[in-house]
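Worksheet: the structure to be examined is printed underneath.
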Amino acid sequence: MFGFLGDIGSAIMTPLYYAVSAVLLFWHKVFSTLGLSENSGWTWALAIVGLTITIRAALIPLFVRQIKSSRNMQLLQPQIKELQKKYAHDREKLTQEQMKLWKETGTNPFASCLPLILQMPIFFALFRTIDRAAHGTPKGFLSVKDAASLENAKLLGAKIADTFMKTDLTETRILTMTLVVAMCITQFTTQRQLMSKNMPADAMSGPYAQQQKMLLYVLPVVFAVGGVAFPLGVLIYWTTSNLWTMGQQFYVIRRNPAPGTPAFAAKQERDKARGRIVVEDPLKKAAEEAAPKPAPRVQPKNQPRAERKKAPAPKPTPKQRGGPKSGPQQPKKKPDITAKDPEKDI
Amino acid sequence: MKTSPLKWAIIGFLKAYRFAISPLYGQVCRYHPTCSAYALQAVETHGAIRGVYLAARRVMRCHPWAAGGYDPVPQSHR
């Protein structure tokens with residue numbers, strides 16, 4: 001059983017070792033041609049940074065798709081608000097309806113886990129490549145000479161192939177811990193930027209915000225554990241990747257802020273100052289039309305799954321039952337966003 | 001079959017993942033229920049082998065070009 005799984009694993013990983021080592025050697029060549037010493041830690045560290053940038057740049061198409069989707073998202077906001085009002089009492093149903101709306105309009109705010117699934121084996125391949133080089137058994141395109149060079153490369157006195165646990169240099173310990181701190185700071189900044197600037201005030205409470213807050217405590221622990229167990233080179237990759245994420249998010253918040261947030265107001269200000277067309281906040285309009293006081297959120301009932309599946313649609317209000325079908329609860333006709341978007345079926 | 005150790009191992013793994021790793025990424029799934037919730041439910045209702053097969057197919061379906069949406073575990077036909 002495990003032999004079989006191991007075979008699948010190595011079938012996936014072997015090409016990745018070649019890919020990772022090829023990109024690494026390419027950047028190593030670039031920086032050593034530029035005048036850096038071949039065996040210097042700086043050359044190898046910069047090669048790892050180059051590898052990170054190559055990978056993240058290759059993933060940009062996935063991210064562009066997200067930007068397009070977030071543009072359409074803004075147009076859907078009023079309908080989402082309506083659903084939130086309608087299913088305030090039933091979160092499960094609300095999520096289902098929201099998902100249906102996104103599917104119908106070809107708009108989905110979530111990236112799917114593909115970018116993560118793609119990056120995970122690459123991360124692992126880099127870890128193994130550096131780790132094996134440190135043990136004198138090179139992977140992929142690395143020659144024994146390259147491996148020896150990487151094994152002994154020193155950056156500010158710290159060995160790139162060493163881990164915090166298995167090193168006899170204080171410099172390695174200091175540098176790995178510095179990188180752990182750097183990762184925590186970048187992650188924290190990214191998170192904070194998202195929460196304070198790009199989240200509507202009413203999204204700041206509730207389970208999503210709760211989850212985001214938990215992240216702030218869980219991630220430093222993960223980074224600390226990783227920082228102790230992984231070689232310095234892998235931590236360089238990790239930190240660079242974090243920095244990239246931060247920059248990418250900064251760009252998105254600036255260019256495509258979520259409606260009803262401080263970031264959206266800031267973009268309106270900037271557009272006005274530069275004499276561009278100022279886009280009206282779709283959420284504000286919806287809020288003006290709606291009643292000033294939103295109904296208090298009712299706790300969802302604890303239902304066993306069997307009952308939930310069978311549960312009928314929410315009871316119509318008495319008004320609807322008696323009168324004509326033009327109650328305030330009736331959803332408005334959805335604008336056909338997909339018709340305007342020729343890139344929908346990419 | 002009902003108390004298959006494999007099934008419990010998979011369920012344990014999924015629960016651990018949902019507790020410790022999944023919150024790290026926040027919500028990224030384009031479907032509801034999310035892939036890991038789907039996997040958990042699939043293994044619980046259809047057993048280890050069919051459950052893992054269903055979950056694997058779901059993860060393959062979850063990419064930025066998929067529409068996403070509401071996609072529950074198929075009902076057991078037993």
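Following the order of the structure tokens, first chain is A, next is B, and so on, with residues numbered from 1 inside each chain and ligands from 1 in the order they appear.
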
- Task: Determine which residues of chain B sit within 6 Å of chain A, taking into account only C-alpha atoms, and present them as a VMD selection string.
- Result: chain B and resid 24 28 to 30 62 to 64 67 to 70

Selected residues, C-alpha atoms, written as a PDB file, in the first residue's frame, please.
ATOM      1  CA  LEU B  24      -4.775  28.860   7.581  1.00  0.00           C
ATOM      2  CA  VAL B  28     -10.893  29.605  -0.856  1.00  0.00           C
ATOM      3  CA  CYS B  29     -13.308  26.935  -2.034  1.00  0.00           C
ATOM      4  CA  ARG B  30     -15.580  27.778  -4.934  1.00  0.00           C
ATOM      5  CA  CYS B  62     -12.344  22.864  -8.006  1.00  0.00           C
ATOM      6  CA  HIS B  63     -10.212  25.215 -10.110  1.00  0.00           C
ATOM      7  CA  PRO B  64     -10.478  28.895 -11.064  1.00  0.00           C
ATOM      8  CA  ALA B  67     -18.252  27.858 -11.992  1.00  0.00           C
ATOM      9  CA  GLY B  68     -18.392  26.524  -8.460  1.00  0.00           C
ATOM     10  CA  GLY B  69     -21.723  26.662  -6.697  1.00  0.00           C
ATOM     11  CA  TYR B  70     -23.826  24.367  -4.560  1.00  0.00           C
TER      12      TYR B  70
END

- What are the DSSP alpha helix (DSSP H) residues of segment 25-271 of chain A, as a PyMOL selection string? chain A and resi 25-33+41-58+60-86+91-105+114-134+144-152+170-197+207-229+232-255+262-271

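Using only C-alpha atoms, the smallest distance between any of A:Thr178, A:Ser143, A:Thr137, A:Thr172 and Leu156 of chain A comes from A:Thr172.
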
- Might you pull out every residue within 10 Å of Ala45 of chain A, with only C-alpha atoms counted and same-chain residues fewer than 5 positions away left off, and present them as a ChimeraX atom specification? /A:24,27-28,40,50-51,150,153-155,160,232-234,236-237

Write out, as a short mmCIF file (atom, residue, chain, number, x, y, z; two decimals), in the first residue's frame, the residues just selected, with N, CA, C and O atoms.
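again-v6.cif was written with the following content:
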data_model
loop_
_atom_site.label_atom_id
_atom_site.label_comp_id
_atom_site.auth_asym_id
_atom_site.auth_seq_id
_atom_site.Cartn_x
_atom_site.Cartn_y
_atom_site.Cartn_z
N LEU A 24 16.36 26.99 -10.56
CA LEU A 24 17.34 27.42 -9.56
C LEU A 24 18.71 27.64 -10.22
O LEU A 24 19.36 28.67 -10.01
N TRP A 27 18.80 30.84 -12.46
CA TRP A 27 19.00 32.08 -11.71
C TRP A 27 20.39 32.15 -11.12
O TRP A 27 21.01 33.22 -11.04
N HIS A 28 20.90 30.99 -10.69
CA HIS A 28 22.26 30.95 -10.16
C HIS A 28 23.25 31.39 -11.23
O HIS A 28 24.18 32.17 -10.97
N SER A 40 29.04 31.85 -3.48
CA SER A 40 28.58 32.75 -2.42
C SER A 40 27.14 32.43 -2.02
O SER A 40 26.32 32.00 -2.83
N GLY A 50 14.75 34.23 -7.07
CA GLY A 50 14.38 34.17 -8.48
C GLY A 50 13.41 33.03 -8.75
O GLY A 50 12.43 33.19 -9.49
N LEU A 51 13.66 31.89 -8.13
CA LEU A 51 12.76 30.74 -8.28
C LEU A 51 11.36 31.08 -7.79
O LEU A 51 10.35 30.80 -8.46
N LEU A 150 26.18 24.56 -2.93
CA LEU A 150 24.97 24.96 -2.19
C LEU A 150 25.08 24.58 -0.72
O LEU A 150 24.70 25.34 0.17
N ALA A 153 27.40 27.08 0.93
CA ALA A 153 27.18 28.50 0.70
C ALA A 153 26.77 29.19 1.99
O ALA A 153 25.93 28.69 2.75
N LYS A 154 27.40 30.35 2.22
CA LYS A 154 27.10 31.09 3.45
C LYS A 154 26.54 32.47 3.14
O LYS A 154 27.07 33.20 2.30
N LEU A 155 25.47 32.79 3.84
CA LEU A 155 24.83 34.10 3.70
C LEU A 155 24.93 34.78 5.06
O LEU A 155 24.35 34.30 6.03
N ILE A 160 23.04 28.21 4.08
CA ILE A 160 21.72 28.17 3.44
C ILE A 160 21.07 26.80 3.54
O ILE A 160 19.85 26.68 3.65
N LEU A 232 17.38 27.05 5.82
CA LEU A 232 17.33 28.49 5.58
C LEU A 232 16.85 28.83 4.17
O LEU A 232 16.05 29.74 3.96
N GLY A 233 17.31 28.05 3.18
CA GLY A 233 16.93 28.31 1.79
C GLY A 233 15.43 28.23 1.57
O GLY A 233 14.84 29.04 0.85
N VAL A 234 14.79 27.26 2.22
CA VAL A 234 13.34 27.11 2.10
C VAL A 234 12.64 28.31 2.75
O VAL A 234 11.63 28.80 2.24
N ILE A 236 13.81 31.27 2.88
CA ILE A 236 13.94 32.40 1.95
C ILE A 236 12.81 32.35 0.93
O ILE A 236 12.16 33.36 0.63
N TYR A 237 12.56 31.15 0.41
CA TYR A 237 11.45 30.96 -0.53
C TYR A 237 10.12 31.40 0.10
O TYR A 237 9.34 32.14 -0.47
#

- Task: Run DSSP on the backbone of this structure and report the residues of segment 61-297 of chain A it assigns to strand (DSSP E), as a PyMOL selection string.
- Result: chain A and resi 154-155+158-159

Give me a file of those residues, with all heavy atoms, as a PDB file, in the first residue's frame.
ATOM      1  N   LYS A 154      27.405  30.353   2.218  1.00  0.00           N
ATOM      2  CA  LYS A 154      27.101  31.087   3.445  1.00  0.00           C
ATOM      3  C   LYS A 154      26.544  32.467   3.140  1.00  0.00           C
ATOM      4  O   LYS A 154      27.067  33.199   2.296  1.00  0.00           O
ATOM      5  CB  LYS A 154      28.375  31.241   4.284  1.00  0.00           C
ATOM      6  CG  LYS A 154      28.667  30.020   5.129  1.00  0.00           C
ATOM      7  CD  LYS A 154      29.821  30.310   6.063  1.00  0.00           C
ATOM      8  CE  LYS A 154      30.098  29.126   6.972  1.00  0.00           C
ATOM      9  NZ  LYS A 154      31.252  29.404   7.836  1.00  0.00           N
ATOM     10  N   LEU A 155      25.470  32.791   3.838  1.00  0.00           N
ATOM     11  CA  LEU A 155      24.832  34.095   3.696  1.00  0.00           C
ATOM     12  C   LEU A 155      24.931  34.783   5.056  1.00  0.00           C
ATOM     13  O   LEU A 155      24.351  34.301   6.027  1.00  0.00           O
ATOM     14  CB  LEU A 155      23.360  33.895   3.291  1.00  0.00           C
ATOM     15  CG  LEU A 155      22.489  35.132   3.172  1.00  0.00           C
ATOM     16  CD1 LEU A 155      22.882  35.948   1.966  1.00  0.00           C
ATOM     17  CD2 LEU A 155      21.017  34.726   3.053  1.00  0.00           C
ATOM     18  N   ALA A 158      25.656  32.507   7.752  1.00  0.00           N
ATOM     19  CA  ALA A 158      24.734  31.399   8.007  1.00  0.00           C
ATOM     20  C   ALA A 158      24.715  30.474   6.796  1.00  0.00           C
ATOM     21  O   ALA A 158      24.801  30.927   5.658  1.00  0.00           O
ATOM     22  CB  ALA A 158      23.333  31.922   8.267  1.00  0.00           C
ATOM     23  N   LYS A 159      24.606  29.180   7.048  1.00  0.00           N
ATOM     24  CA  LYS A 159      24.596  28.218   5.949  1.00  0.00           C
ATOM     25  C   LYS A 159      23.182  28.036   5.406  1.00  0.00           C
ATOM     26  O   LYS A 159      22.251  27.714   6.153  1.00  0.00           O
ATOM     27  CB  LYS A 159      25.143  26.877   6.424  1.00  0.00           C
ATOM     28  CG  LYS A 159      26.640  26.759   6.299  1.00  0.00           C
ATOM     29  CD  LYS A 159      27.047  25.383   6.769  1.00  0.00           C
ATOM     30  CE  LYS A 159      28.337  24.925   6.112  1.00  0.00           C
ATOM     31  NZ  LYS A 159      28.666  23.555   6.517  1.00  0.00           N
TER      32      LYS A 159
END

- Message: If we count only C-alpha atoms and set the cut-off at 9 Å, which residues sit around Val43 of chain B, ignoring sequence neighbours fewer than 2 positions away in its own chain? Please answer as a list in words.
- Response: Lys7, Ile10, Ile11, Tyr38, Ala39, Leu40, Gln41, Thr45, His46, Gly47, Ala48, Ile49, Arg50, Gly51, Val52, Leu54 and Ala55 of chain B

- What does the distance from atom CA of Val30 of chain A to atom CA of Thr52 of chain A come to in Å, to one decimal? 14.9 Å

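Note that atom CA of Ala125 of chain A and atom CA of Val20 of chain A are 7.0 Å apart.
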
- Task: Could you jot down the atom CA of Met195 of chain A to atom CA of Gln249 of chain A separation for me, Å, one decimal place?
- Result: 11.7 Å

- Of the listed residues A:Val279, A:Leu94, A:Leu16, A:Ala58, that which approaches Gly140 of chain A most closely, counting only C-alpha atoms: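 Ranked by minimum distance to Gly140 of chain A, first place goes to A:Leu16.
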
- Item | Which residue of A:Gly227, A:Lys93, A:Glu269, A:Leu175 approaches Pro33 of chain B most closely, using only C-alpha atoms |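 Among A:Gly227, A:Lys93, A:Glu269, A:Leu175, it is A:Lys93 that comes nearest to Pro33 of chain B.
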
- Task: Give the answer as one residue: which of B:Ala42, B:Ala16, B:Ile21, B:Leu6 has the shortest atom-to-atom distance to Ala56 of chain B, using only C-alpha atoms?
- Result: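 Closest candidate: B:Ala42.
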
- Distance criterion (only C-alpha atoms): nearest to Ala11 of chain A out of A:Thr129, A:Leu76, A:Pro121, A:Ala182: A:Pro121

- Task: Give me the residues within 12 Å of Gln268 of chain A as a ChimeraX atom specification, counting only C-alpha atoms and dropping any in the same chain fewer than 6 places off.
- Result: /A:254-262,274-281

Grab the residues selected above and save them as a tab-separated table (two decimals), in the first residue's frame with all heavy atoms.
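Written output follows (part_8.tsv):
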chain	number	residue	atom	x	y	z
A	254	ARG	N	-6.06	48.30	-4.12
A	254	ARG	CA	-6.00	49.63	-4.72
A	254	ARG	C	-6.83	49.72	-5.99
A	254	ARG	O	-7.56	50.68	-6.20
A	254	ARG	CB	-4.54	49.95	-5.05
A	254	ARG	CG	-4.12	51.32	-4.61
A	254	ARG	CD	-2.67	51.54	-4.97
A	254	ARG	NE	-2.54	52.83	-5.65
A	254	ARG	CZ	-2.51	54.00	-5.02
A	254	ARG	NH1	-2.62	54.03	-3.72
A	254	ARG	NH2	-2.39	55.11	-5.69
A	255	ARG	N	-6.72	48.69	-6.81
A	255	ARG	CA	-7.39	48.73	-8.11
A	255	ARG	C	-8.84	48.28	-8.05
A	255	ARG	O	-9.70	48.80	-8.76
A	255	ARG	CB	-6.62	47.85	-9.12
A	255	ARG	CG	-5.24	48.34	-9.43
A	255	ARG	CD	-5.30	49.63	-10.23
A	255	ARG	NE	-6.02	49.45	-11.50
A	255	ARG	CZ	-5.46	49.08	-12.62
A	255	ARG	NH1	-4.17	48.84	-12.65
A	255	ARG	NH2	-6.17	48.95	-13.72
A	256	ASN	N	-9.13	47.28	-7.25
A	256	ASN	CA	-10.48	46.70	-7.20
A	256	ASN	C	-10.99	46.56	-5.78
A	256	ASN	O	-11.18	45.45	-5.29
A	256	ASN	CB	-10.47	45.32	-7.86
A	256	ASN	CG	-10.33	45.41	-9.34
A	256	ASN	OD1	-11.25	45.81	-10.03
A	256	ASN	ND2	-9.16	45.06	-9.82
A	257	PRO	N	-11.17	47.69	-5.10
A	257	PRO	CA	-11.61	47.57	-3.71
A	257	PRO	C	-13.03	47.01	-3.63
A	257	PRO	O	-13.81	47.18	-4.56
A	257	PRO	CB	-11.55	49.00	-3.20
A	257	PRO	CG	-11.67	49.84	-4.41
A	257	PRO	CD	-11.07	49.08	-5.54
A	258	ALA	N	-13.32	46.33	-2.54
A	258	ALA	CA	-14.68	45.82	-2.34
A	258	ALA	C	-15.60	47.00	-2.02
A	258	ALA	O	-15.20	47.92	-1.31
A	258	ALA	CB	-14.69	44.82	-1.20
A	259	PRO	N	-16.82	46.98	-2.57
A	259	PRO	CA	-17.74	48.08	-2.30
A	259	PRO	C	-18.10	48.18	-0.82
A	259	PRO	O	-18.11	47.17	-0.13
A	259	PRO	CB	-18.98	47.73	-3.13
A	259	PRO	CG	-18.66	46.51	-3.88
A	259	PRO	CD	-17.42	45.93	-3.36
A	260	GLY	N	-18.37	49.39	-0.39
A	260	GLY	CA	-18.79	49.59	1.00
A	260	GLY	C	-17.63	49.51	1.98
A	260	GLY	O	-17.84	49.24	3.15
A	261	THR	N	-16.40	49.73	1.51
A	261	THR	CA	-15.25	49.66	2.42
A	261	THR	C	-14.46	50.96	2.35
A	261	THR	O	-14.61	51.73	1.40
A	261	THR	CB	-14.31	48.51	2.01
A	261	THR	OG1	-13.84	48.78	0.68
A	261	THR	CG2	-15.00	47.18	2.04
A	262	PRO	N	-13.60	51.20	3.34
A	262	PRO	CA	-12.75	52.40	3.30
A	262	PRO	C	-11.90	52.44	2.03
A	262	PRO	O	-11.65	53.52	1.48
A	262	PRO	CB	-11.86	52.25	4.53
A	262	PRO	CG	-12.61	51.37	5.45
A	262	PRO	CD	-13.44	50.47	4.60
A	274	ARG	N	-7.87	62.91	-9.74
A	274	ARG	CA	-7.20	62.80	-11.03
A	274	ARG	C	-8.16	63.08	-12.19
A	274	ARG	O	-7.79	62.90	-13.34
A	274	ARG	CB	-6.62	61.40	-11.21
A	274	ARG	CG	-5.41	61.20	-10.34
A	274	ARG	CD	-4.89	59.80	-10.48
A	274	ARG	NE	-4.05	59.46	-9.35
A	274	ARG	CZ	-3.70	58.23	-9.05
A	274	ARG	NH1	-4.14	57.23	-9.79
A	274	ARG	NH2	-2.92	57.98	-8.02
A	275	GLY	N	-9.37	63.47	-11.86
A	275	GLY	CA	-10.33	63.80	-12.92
A	275	GLY	C	-10.83	62.60	-13.68
A	275	GLY	O	-11.25	62.71	-14.82
A	276	ARG	N	-10.77	61.42	-13.06
A	276	ARG	CA	-11.32	60.24	-13.74
A	276	ARG	C	-12.79	60.07	-13.37
A	276	ARG	O	-13.31	60.75	-12.49
A	276	ARG	CB	-10.55	58.99	-13.28
A	276	ARG	CG	-9.17	58.93	-13.84
A	276	ARG	CD	-8.66	57.50	-13.71
A	276	ARG	NE	-7.20	57.50	-13.82
A	276	ARG	CZ	-6.40	56.88	-12.96
A	276	ARG	NH1	-6.91	56.23	-11.93
A	276	ARG	NH2	-5.11	56.91	-13.12
A	277	ILE	N	-13.42	59.15	-14.06
A	277	ILE	CA	-14.82	58.87	-13.76
A	277	ILE	C	-14.90	58.19	-12.40
A	277	ILE	O	-14.21	57.19	-12.15
A	277	ILE	CB	-15.44	57.94	-14.83
A	277	ILE	CG1	-15.32	58.61	-16.20
A	277	ILE	CG2	-16.89	57.63	-14.50
A	277	ILE	CD1	-15.32	57.62	-17.35
A	278	VAL	N	-15.74	58.75	-11.52
A	278	VAL	CA	-15.87	58.19	-10.19
A	278	VAL	C	-17.01	57.18	-10.19
A	278	VAL	O	-18.14	57.51	-10.52
A	278	VAL	CB	-16.14	59.30	-9.14
A	278	VAL	CG1	-16.29	58.68	-7.76
A	278	VAL	CG2	-15.01	60.32	-9.15
A	279	VAL	N	-16.68	55.94	-9.86
A	279	VAL	CA	-17.69	54.89	-9.82
A	279	VAL	C	-18.46	55.00	-8.51
A	279	VAL	O	-17.85	55.11	-7.44
A	279	VAL	CB	-17.04	53.49	-9.93
A	279	VAL	CG1	-18.10	52.42	-9.98
A	279	VAL	CG2	-16.14	53.44	-11.13
A	280	GLU	N	-19.77	54.98	-8.62
A	280	GLU	CA	-20.57	55.07	-7.42
A	280	GLU	C	-20.54	53.75	-6.66
A	280	GLU	O	-20.48	52.68	-7.27
A	280	GLU	CB	-22.02	55.40	-7.78
A	280	GLU	CG	-22.72	56.16	-6.68
A	280	GLU	CD	-24.13	56.53	-7.10
A	280	GLU	OE1	-24.33	56.81	-8.28
A	280	GLU	OE2	-25.00	56.51	-6.24
A	281	ASP	N	-20.55	53.85	-5.36
A	281	ASP	CA	-20.51	52.65	-4.54
A	281	ASP	C	-21.86	51.92	-4.63
A	281	ASP	O	-22.87	52.44	-4.16
A	281	ASP	CB	-20.23	53.05	-3.08
A	281	ASP	CG	-19.87	51.85	-2.23
A	281	ASP	OD1	-20.36	50.75	-2.55
A	281	ASP	OD2	-19.12	52.02	-1.26

- Counting only C-alpha atoms, figure out which residue out of B:Trp65, B:Pro72, B:Pro5, B:Tyr53 gets nearest to Ala37 of chain B. B:Pro72
